[in-house]
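J.: Sharing model-v4.cif, mmCIF, C-alpha atoms, pLDDT in the B column; chains and numbers go by the auth columns:
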```cif
data_structure
#
loop_
_atom_site.group_PDB
_atom_site.id
_atom_site.type_symbol
_atom_site.label_atom_id
_atom_site.label_comp_id
_atom_site.label_asym_id
_atom_site.label_seq_id
_atom_site.Cartn_x
_atom_site.Cartn_y
_atom_site.Cartn_z
_atom_site.B_iso_or_equiv
_atom_site.auth_seq_id
_atom_site.auth_asym_id
ATOM 1 C CA MET A 1 -177.556 -95.408 -120.684 93.00 2 D
ATOM 2 C CA LEU A 2 -176.533 -91.909 -119.632 91.00 3 D
ATOM 3 C CA GLU A 3 -179.318 -90.352 -121.678 90.00 4 D
ATOM 4 C CA ALA A 4 -181.842 -92.673 -120.035 92.00 5 D
ATOM 5 C CA ALA A 5 -180.502 -91.873 -116.561 93.00 6 D
ATOM 6 C CA LEU A 6 -180.221 -88.090 -116.848 92.00 7 D
ATOM 7 C CA ALA A 7 -182.858 -85.389 -116.542 91.00 8 D
ATOM 8 C CA PRO A 8 -182.372 -81.617 -116.889 92.00 9 D
ATOM 9 C CA GLY A 9 -180.513 -80.069 -113.964 94.00 10 D
ATOM 10 C CA ALA A 10 -178.865 -83.324 -112.897 95.00 11 D
ATOM 11 C CA HIS A 11 -176.246 -83.299 -110.144 96.00 12 D
ATOM 12 C CA VAL A 12 -173.646 -85.954 -110.936 97.00 13 D
ATOM 13 C CA LEU A 13 -171.051 -87.624 -108.753 98.00 14 D
ATOM 14 C CA GLU A 14 -168.151 -88.976 -110.803 97.00 15 D
ATOM 15 C CA ALA A 15 -166.615 -91.740 -108.713 97.00 16 D
ATOM 16 C CA GLY A 16 -162.928 -92.207 -109.438 95.00 17 D
ATOM 17 C CA CYS A 17 -162.773 -89.143 -111.677 94.00 18 D
ATOM 18 C CA GLY A 18 -159.012 -89.185 -112.273 92.00 19 D
ATOM 19 C CA ARG A 19 -157.513 -86.629 -114.652 91.00 20 D
ATOM 20 C CA GLY A 20 -160.354 -86.372 -117.158 89.00 21 D
ATOM 21 C CA SER A 21 -163.977 -87.245 -117.759 88.00 22 D
ATOM 22 C CA ARG A 22 -165.901 -88.956 -120.538 84.00 23 D
ATOM 23 C CA LEU A 23 -169.098 -87.292 -119.402 87.00 24 D
ATOM 24 C CA GLY A 24 -170.435 -84.906 -122.020 74.00 25 D
ATOM 25 C CA ARG A 25 -171.769 -81.813 -120.316 69.00 26 D
ATOM 26 C CA GLY A 26 -174.627 -81.274 -122.790 71.00 27 D
ATOM 27 C CA GLY A 27 -177.691 -79.463 -121.474 80.00 28 D
ATOM 28 C CA LEU A 28 -178.769 -81.950 -118.821 90.00 29 D
ATOM 29 C CA ILE A 29 -175.958 -81.844 -116.249 94.00 30 D
ATOM 30 C CA ALA A 30 -175.999 -78.903 -113.840 94.00 31 D
ATOM 31 C CA GLU A 31 -172.993 -79.978 -111.768 95.00 32 D
ATOM 32 C CA ILE A 32 -170.257 -82.634 -111.838 96.00 33 D
ATOM 33 C CA VAL A 33 -168.580 -83.394 -108.523 97.00 34 D
ATOM 34 C CA GLY A 34 -165.521 -85.613 -108.775 97.00 35 D
ATOM 35 C CA VAL A 35 -164.169 -87.921 -106.092 97.00 36 D
ATOM 36 C CA ASP A 36 -160.790 -89.628 -106.232 96.00 37 D
ATOM 37 C CA VAL A 37 -158.128 -90.710 -103.780 94.00 38 D
ATOM 38 C CA ASP A 38 -155.540 -89.069 -106.083 93.00 39 D
ATOM 39 C CA ALA A 39 -155.728 -85.382 -105.186 95.00 40 D
ATOM 40 C CA GLU A 40 -153.287 -84.258 -107.884 93.00 41 D
ATOM 41 C CA ALA A 41 -155.309 -85.975 -110.609 92.00 42 D
ATOM 42 C CA GLY A 42 -158.702 -84.752 -109.434 95.00 43 D
ATOM 43 C CA GLU A 43 -157.640 -81.171 -108.856 95.00 44 D
ATOM 44 C CA GLY A 44 -156.300 -81.051 -112.410 94.00 45 D
ATOM 45 C CA ASN A 45 -159.489 -82.435 -113.977 94.00 46 D
ATOM 46 C CA PRO A 46 -160.962 -79.634 -116.108 93.00 47 D
ATOM 47 C CA ALA A 47 -164.392 -81.278 -116.506 93.00 48 D
ATOM 48 C CA LEU A 48 -165.335 -80.952 -112.829 95.00 49 D
ATOM 49 C CA ASP A 49 -167.249 -78.193 -111.094 95.00 50 D
ATOM 50 C CA ARG A 50 -165.948 -79.408 -107.764 96.00 51 D
ATOM 51 C CA PHE A 51 -163.424 -82.002 -106.582 97.00 52 D
ATOM 52 C CA VAL A 52 -163.276 -83.869 -103.277 98.00 53 D
ATOM 53 C CA CYS A 53 -160.331 -86.054 -102.328 97.00 54 D
ATOM 54 C CA ALA A 54 -161.759 -89.124 -100.594 97.00 55 D
ATOM 55 C CA ASP A 55 -161.538 -92.898 -100.459 96.00 56 D
ATOM 56 C CA LEU A 56 -164.550 -94.347 -102.286 96.00 57 D
ATOM 57 C CA CYS A 57 -164.496 -97.322 -99.922 96.00 58 D
ATOM 58 C CA GLY A 58 -165.164 -95.064 -96.944 96.00 59 D
ATOM 59 C CA ARG A 59 -167.808 -92.602 -95.821 96.00 60 D
ATOM 60 C CA LEU A 60 -168.216 -89.908 -98.475 97.00 61 D
ATOM 61 C CA PRO A 61 -168.518 -86.251 -97.336 97.00 62 D
ATOM 62 C CA PHE A 62 -171.936 -85.699 -98.929 98.00 63 D
ATOM 63 C CA ASP A 63 -175.470 -85.516 -97.592 97.00 64 D
ATOM 64 C CA ASP A 64 -177.975 -88.274 -98.211 97.00 65 D
ATOM 65 C CA ALA A 65 -179.771 -88.013 -101.573 96.00 66 D
ATOM 66 C CA ALA A 66 -177.383 -85.323 -102.836 97.00 67 D
ATOM 67 C CA PHE A 67 -177.045 -86.641 -106.390 97.00 68 D
ATOM 68 C CA ASP A 68 -179.179 -87.757 -109.304 97.00 69 D
ATOM 69 C CA LEU A 69 -176.473 -89.914 -110.900 97.00 70 D
ATOM 70 C CA VAL A 70 -173.274 -91.680 -109.909 98.00 71 D
ATOM 71 C CA TYR A 71 -170.995 -92.225 -112.898 98.00 72 D
ATOM 72 C CA SER A 72 -167.966 -94.500 -112.650 97.00 73 D
ATOM 73 C CA ASN A 73 -165.457 -95.146 -115.420 94.00 74 D
ATOM 74 C CA PHE A 74 -163.386 -98.191 -114.411 92.00 75 D
ATOM 75 C CA ALA A 75 -163.091 -97.225 -110.724 92.00 76 D
ATOM 76 C CA ALA A 76 -164.597 -100.515 -109.497 93.00 77 D
ATOM 77 C CA GLU A 77 -161.533 -102.447 -110.644 92.00 78 D
ATOM 78 C CA HIS A 78 -159.672 -101.049 -107.647 91.00 79 D
ATOM 79 C CA PHE A 79 -162.197 -101.321 -104.813 94.00 80 D
ATOM 80 C CA ALA A 80 -160.837 -103.222 -101.828 93.00 81 D
ATOM 81 C CA GLU A 81 -164.344 -103.125 -100.317 96.00 82 D
ATOM 82 C CA PRO A 82 -166.866 -102.784 -103.153 97.00 83 D
ATOM 83 C CA ALA A 83 -169.847 -103.440 -100.880 97.00 84 D
ATOM 84 C CA VAL A 84 -168.946 -100.346 -98.837 97.00 85 D
ATOM 85 C CA ALA A 85 -168.501 -98.222 -101.956 97.00 86 D
ATOM 86 C CA PHE A 86 -171.801 -99.303 -103.485 98.00 87 D
ATOM 87 C CA ALA A 87 -173.685 -98.721 -100.238 97.00 88 D
ATOM 88 C CA GLU A 88 -172.324 -95.168 -100.197 98.00 89 D
ATOM 89 C CA TRP A 89 -173.443 -94.656 -103.786 98.00 90 D
ATOM 90 C CA HIS A 90 -176.927 -95.729 -102.739 97.00 91 D
ATOM 91 C CA ARG A 91 -176.870 -93.362 -99.744 97.00 92 D
ATOM 92 C CA VAL A 92 -175.898 -90.277 -101.735 97.00 93 D
ATOM 93 C CA LEU A 93 -178.407 -90.966 -104.537 97.00 94 D
ATOM 94 C CA ARG A 94 -181.953 -89.658 -104.432 96.00 95 D
ATOM 95 C CA SER A 95 -184.709 -92.285 -104.678 92.00 96 D
ATOM 96 C CA GLY A 96 -184.914 -93.360 -108.304 93.00 97 D
ATOM 97 C CA GLY A 97 -181.417 -92.026 -109.010 96.00 98 D
ATOM 98 C CA ALA A 98 -179.069 -94.071 -111.134 97.00 99 D
ATOM 99 C CA VAL A 99 -175.584 -95.510 -111.310 98.00 100 D
ATOM 100 C CA VAL A 100 -174.017 -95.757 -114.765 98.00 101 D
ATOM 101 C CA MET A 101 -170.683 -97.524 -114.792 97.00 102 D
ATOM 102 C CA LEU A 102 -168.034 -99.181 -116.902 97.00 103 D
ATOM 103 C CA THR A 103 -165.670 -101.737 -115.454 96.00 104 D
ATOM 104 C CA SER A 104 -163.467 -104.609 -116.574 94.00 105 D
ATOM 105 C CA ASN A 105 -164.989 -108.065 -116.877 96.00 106 D
ATOM 106 C CA ILE A 106 -162.567 -110.484 -115.257 94.00 107 D
ATOM 107 C CA GLY A 107 -164.744 -113.225 -116.758 94.00 108 D
ATOM 108 C CA SER A 108 -162.870 -112.510 -119.991 95.00 109 D
ATOM 109 C CA PRO A 109 -160.050 -115.075 -120.326 95.00 110 D
ATOM 110 C CA TYR A 110 -157.804 -112.421 -121.849 91.00 111 D
ATOM 111 C CA LEU A 111 -158.202 -110.078 -118.883 89.00 112 D
ATOM 112 C CA TRP A 112 -157.819 -112.987 -116.465 90.00 113 D
ATOM 113 C CA ILE A 113 -154.441 -113.782 -118.048 89.00 114 D
ATOM 114 C CA ALA A 114 -153.411 -110.113 -118.283 85.00 115 D
ATOM 115 C CA ASN A 115 -154.105 -109.623 -114.582 83.00 116 D
ATOM 116 C CA ARG A 116 -151.475 -112.253 -113.825 84.00 117 D
ATOM 117 C CA LEU A 117 -148.740 -110.561 -115.808 79.00 118 D
ATOM 118 C CA PRO A 118 -146.035 -108.653 -113.920 83.00 119 D
ATOM 119 C CA HIS A 119 -146.938 -105.028 -113.304 71.00 120 D
ATOM 120 C CA ALA A 120 -144.039 -103.831 -115.475 77.00 121 D
ATOM 121 C CA VAL A 121 -145.367 -105.826 -118.436 74.00 122 D
ATOM 122 C CA ARG A 122 -148.885 -104.386 -118.018 71.00 123 D
ATOM 123 C CA VAL A 123 -147.417 -100.877 -117.851 65.00 124 D
ATOM 124 C CA ALA A 124 -145.478 -101.494 -121.071 72.00 125 D
ATOM 125 C CA ILE A 125 -148.588 -102.786 -122.875 69.00 126 D
ATOM 126 C CA LYS A 126 -150.720 -99.833 -121.832 68.00 127 D
ATOM 127 C CA ARG A 127 -148.018 -97.301 -122.679 65.00 128 D
ATOM 128 C CA SER A 128 -147.274 -98.759 -126.125 68.00 129 D
ATOM 129 C CA GLY A 129 -150.929 -99.322 -127.041 64.00 130 D
ATOM 130 C CA PRO A 130 -153.463 -96.814 -125.691 63.00 131 D
ATOM 131 C CA GLY A 131 -150.682 -94.506 -124.451 59.00 132 D
ATOM 132 C CA VAL A 132 -151.539 -94.599 -120.742 61.00 133 D
ATOM 133 C CA ASP A 133 -149.164 -92.732 -118.465 65.00 134 D
ATOM 134 C CA GLU A 134 -147.249 -95.081 -116.138 57.00 135 D
ATOM 135 C CA ARG A 135 -148.552 -93.252 -113.050 63.00 136 D
ATOM 136 C CA ASP A 136 -152.117 -94.105 -114.127 63.00 137 D
ATOM 137 C CA VAL A 137 -151.538 -97.866 -114.429 64.00 138 D
ATOM 138 C CA ILE A 138 -152.837 -98.835 -110.997 70.00 139 D
ATOM 139 C CA PRO A 139 -152.852 -102.470 -109.816 75.00 140 D
ATOM 140 C CA ALA A 140 -156.395 -103.855 -110.034 81.00 141 D
ATOM 141 C CA THR A 141 -158.184 -105.684 -107.229 86.00 142 D
ATOM 142 C CA TYR A 142 -161.137 -107.153 -109.173 91.00 143 D
ATOM 143 C CA ARG A 143 -163.566 -107.954 -106.339 94.00 144 D
ATOM 144 C CA ALA A 144 -166.747 -106.924 -108.148 95.00 145 D
ATOM 145 C CA ASN A 145 -165.766 -107.592 -111.712 95.00 146 D
ATOM 146 C CA THR A 146 -167.934 -110.279 -113.189 95.00 147 D
ATOM 147 C CA PRO A 147 -171.556 -109.589 -114.177 95.00 148 D
ATOM 148 C CA ALA A 148 -172.862 -111.968 -111.494 96.00 149 D
ATOM 149 C CA LYS A 149 -170.726 -110.501 -108.681 96.00 150 D
ATOM 150 C CA LEU A 150 -171.536 -106.948 -109.717 97.00 151 D
ATOM 151 C CA LYS A 151 -175.300 -107.573 -109.787 97.00 152 D
ATOM 152 C CA ARG A 152 -175.214 -109.325 -106.412 97.00 153 D
ATOM 153 C CA LEU A 153 -173.220 -106.590 -104.687 97.00 154 D
ATOM 154 C CA MET A 154 -175.328 -103.842 -106.220 97.00 155 D
ATOM 155 C CA ARG A 155 -178.586 -105.519 -105.159 97.00 156 D
ATOM 156 C CA ASP A 156 -177.226 -105.890 -101.622 96.00 157 D
ATOM 157 C CA ALA A 157 -176.582 -102.128 -101.652 97.00 158 D
ATOM 158 C CA GLY A 158 -180.122 -101.318 -102.792 96.00 159 D
ATOM 159 C CA LEU A 159 -179.192 -100.713 -106.435 97.00 160 D
ATOM 160 C CA GLU A 160 -181.327 -102.715 -108.839 97.00 161 D
ATOM 161 C CA PRO A 161 -179.888 -103.694 -112.255 97.00 162 D
ATOM 162 C CA VAL A 162 -181.702 -102.019 -115.146 97.00 163 D
ATOM 163 C CA GLU A 163 -179.333 -102.910 -117.972 97.00 164 D
ATOM 164 C CA VAL A 164 -176.052 -104.845 -117.872 97.00 165 D
ATOM 165 C CA VAL A 165 -174.220 -105.564 -121.123 97.00 166 D
ATOM 166 C CA MET A 166 -170.766 -106.831 -122.038 97.00 167 D
ATOM 167 C CA VAL A 167 -168.888 -104.875 -124.695 96.00 168 D
ATOM 168 C CA ALA A 168 -165.831 -105.838 -126.773 96.00 169 D
ATOM 169 C CA THR A 169 -163.125 -103.257 -126.037 93.00 170 D
ATOM 170 C CA LEU A 170 -159.932 -105.308 -126.149 91.00 171 D
ATOM 171 C CA HIS A 171 -158.905 -103.647 -129.438 91.00 172 D
ATOM 172 C CA ARG A 172 -158.242 -100.395 -127.537 87.00 173 D
ATOM 173 C CA TYR A 173 -154.986 -101.887 -126.315 83.00 174 D
ATOM 174 C CA ALA A 174 -153.667 -101.845 -129.890 84.00 175 D
ATOM 175 C CA GLY A 175 -153.619 -98.065 -130.049 82.00 176 D
ATOM 176 C CA GLU A 176 -153.039 -96.959 -133.656 83.00 177 D
ATOM 177 C CA ARG A 177 -151.869 -100.410 -134.821 85.00 178 D
ATOM 178 C CA ARG A 178 -154.691 -101.377 -137.188 91.00 179 D
ATOM 179 C CA VAL A 179 -153.573 -104.942 -137.873 93.00 180 D
ATOM 180 C CA LEU A 180 -153.227 -105.706 -134.174 89.00 181 D
ATOM 181 C CA ALA A 181 -156.567 -104.020 -133.462 91.00 182 D
ATOM 182 C CA GLY A 182 -158.201 -106.252 -136.072 95.00 183 D
ATOM 183 C CA ALA A 183 -156.638 -109.338 -134.536 94.00 184 D
ATOM 184 C CA LEU A 184 -157.872 -108.350 -131.083 93.00 185 D
ATOM 185 C CA ARG A 185 -161.373 -107.703 -132.414 95.00 186 D
ATOM 186 C CA PHE A 186 -161.395 -111.202 -133.919 96.00 187 D
ATOM 187 C CA ALA A 187 -160.006 -112.749 -130.716 95.00 188 D
ATOM 188 C CA GLU A 188 -162.833 -111.190 -128.730 95.00 189 D
ATOM 189 C CA ALA A 189 -165.528 -111.902 -131.329 95.00 190 D
ATOM 190 C CA ILE A 190 -165.010 -115.660 -131.007 95.00 191 D
ATOM 191 C CA LEU A 191 -165.814 -115.531 -127.286 94.00 192 D
ATOM 192 C CA PRO A 192 -169.351 -115.795 -125.911 95.00 193 D
ATOM 193 C CA ARG A 193 -170.906 -112.404 -125.182 94.00 194 D
ATOM 194 C CA CYS A 194 -170.598 -112.941 -121.415 94.00 195 D
ATOM 195 C CA ALA A 195 -166.796 -113.095 -121.776 95.00 196 D
ATOM 196 C CA ARG A 196 -166.326 -109.737 -123.492 96.00 197 D
ATOM 197 C CA SER A 197 -163.872 -107.449 -121.776 95.00 198 D
ATOM 198 C CA THR A 198 -165.980 -104.552 -120.464 97.00 199 D
ATOM 199 C CA ILE A 199 -169.149 -104.443 -118.377 97.00 200 D
ATOM 200 C CA VAL A 200 -171.367 -101.434 -119.078 98.00 201 D
ATOM 201 C CA ALA A 201 -174.289 -101.163 -116.682 98.00 202 D
ATOM 202 C CA ARG A 202 -177.082 -99.010 -115.305 98.00 203 D
ATOM 203 C CA PHE A 203 -178.602 -99.497 -111.858 98.00 204 D
ATOM 204 C CA GLU A 204 -181.451 -97.711 -110.098 97.00 205 D
ATOM 205 C CA ALA A 205 -181.540 -96.737 -106.425 96.00 206 D
ATOM 206 C CA VAL A 206 -184.444 -98.469 -104.711 90.00 207 D
ATOM 207 C CA GLY A 207 -185.337 -99.230 -101.091 74.00 208 D
ATOM 208 C CA ALA A 208 -182.767 -99.237 -98.308 55.00 209 D
ATOM 209 C CA ALA A 209 -179.382 -100.931 -98.523 57.00 210 D
ATOM 210 C CA ARG A 210 -179.256 -104.283 -96.750 54.00 211 D
#
```
Would you give me this structure, written as structure tokens?
T.:
Amino acid sequence: MLEAALAPGAHVLEAGCGRGSRLGRGGLIAEIVGVDVDAEAGEGNPALDRFVCADLCGRLPFDDAAFDLVYSNFAAEHFAEPAVAFAEWHRVLRSGGAVVMLTSNIGSPYLWIANRLPHAVRVAIKRSGPGVDERDVIPATYRANTPAKLKRLMRDAGLEPVEVVMVATLHRYAGERRVLAGALRFAEAILPRCARSTIVARFEAVGAAR
């Protein structure tokens, strides 16, 4: 999806950049600008050319049509006002620009259950499995986190779905435990595709946000 969305010299906004980036610099990206509400995390992110501390659910300090791509890696889990965030993404994208994002699919029964566990239990799972630092286990809001909700909110913001797929990623919570990872792969494989744990999507900026 990133390859399809990028052209040489692309200016990229990474929304919710955190402490690191999964964006490969390659030869297409001219600049990566990160935005996060966590100043300490963003300022320590070595992948960025520039960091701005800002709330993604507010007005972003960028001109209209400043970017070719908005990339978001699981930021949308935490949006209190996703409609505001998506409208801002539309505003800062040039016409024909793209959003490429990954986010949790709360339509997965396993994630639905996990979201109802006490925060301390979720921290323990993420620390023992994928090795997530406790300070990075942030309570999720999940207001745009089913395929239907995400498509509706994006369309309302002037971002048309190009490709939306659900991917099985539950095994990541097993870390290096191969037997557990295999069990989680099986547990997810028996679900319908729409209930897989991660939404991976590309949207295109069209028209004016409604």
J.: Between D:Ala206, D:Arg60, D:Ser198, D:Lys152, which has the minimum distance to Arg186 of chain D (counting only C-alpha atoms)?
T.: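 Of all the options, D:Ser198 lies closest to Arg186 of chain D.
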J.: Taking into account all atoms listed in the file, which residue in the set D:Ala16, D:Met155, D:Ala31, D:Val85 is nearest to Val53 of chain D?
T.: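 The closest residue to Val53 of chain D is D:Ala16.
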J.: When you count all atoms listed in the file, which of these residues is closest to Pro162 of chain D: D:Val201, D:Ile114, D:Leu14, D:Ala125?
T.: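 Of all the options, D:Val201 lies closest to Pro162 of chain D.
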J.: Could you check the closest approach to Ile33 of chain D for each of D:Asp64, D:Glu82, D:Asp69, D:Glu89 and tell me which residue wins, using all atoms listed in the file?
T.: D:Asp69
J.: Around the point (-176.8, -93.0, -105.1), in the coordinates given by the file, pick out the residues reaching within 10 Å, counting only C-alpha atoms, and return them as a PyMOL selection string.
T.: chain D and resi 13-14+65-72+87-100+158-160+204-207
J.: As a check of understanding, name the residues that the PyMOL selection byres ((chain D and resi 77) around 8) selects in the supplied structure, as a PyMOL selection string.
T.: chain D and resi 73+75-76+78-80+83+104+143+145-146
J.: What is the atom CA of Arg197 of chain D-atom CA of Ala175 of chain D distance in Å, reported with one decimal?
T.: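 About the pair atom CA of Arg197 of chain D and atom CA of Ala175 of chain D: they are 16.2 Å apart.
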J.: I need the residue nearest Ile30 of chain D from this list: D:Pro193, D:Gly10, D:Gly183, D:Gly45. Use only C-alpha atoms for the distance.
T.: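 Selected residue with least distance to Ile30 of chain D: D:Gly10.
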J.: Return as lines of an AutoDock Vina configuration file the centre and edge lengths, in Å with one decimal, of the box along x, y and z that encloses every atom of segment 9-21 of chain D in the file, padded by 8 Å per side.
T.:
```
center_x = -169.9
center_y = -86.1
center_z = -112.9
size_x = 40.9
size_y = 28.1
size_z = 24.4
```
J.: Rounded to one decimal place, report the atom CA of Pro47 of chain D-atom CA of Arg23 of chain D distance in Å.
T.: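 Atom CA of Arg23 of chain D lies 11.4 Å from atom CA of Pro47 of chain D.
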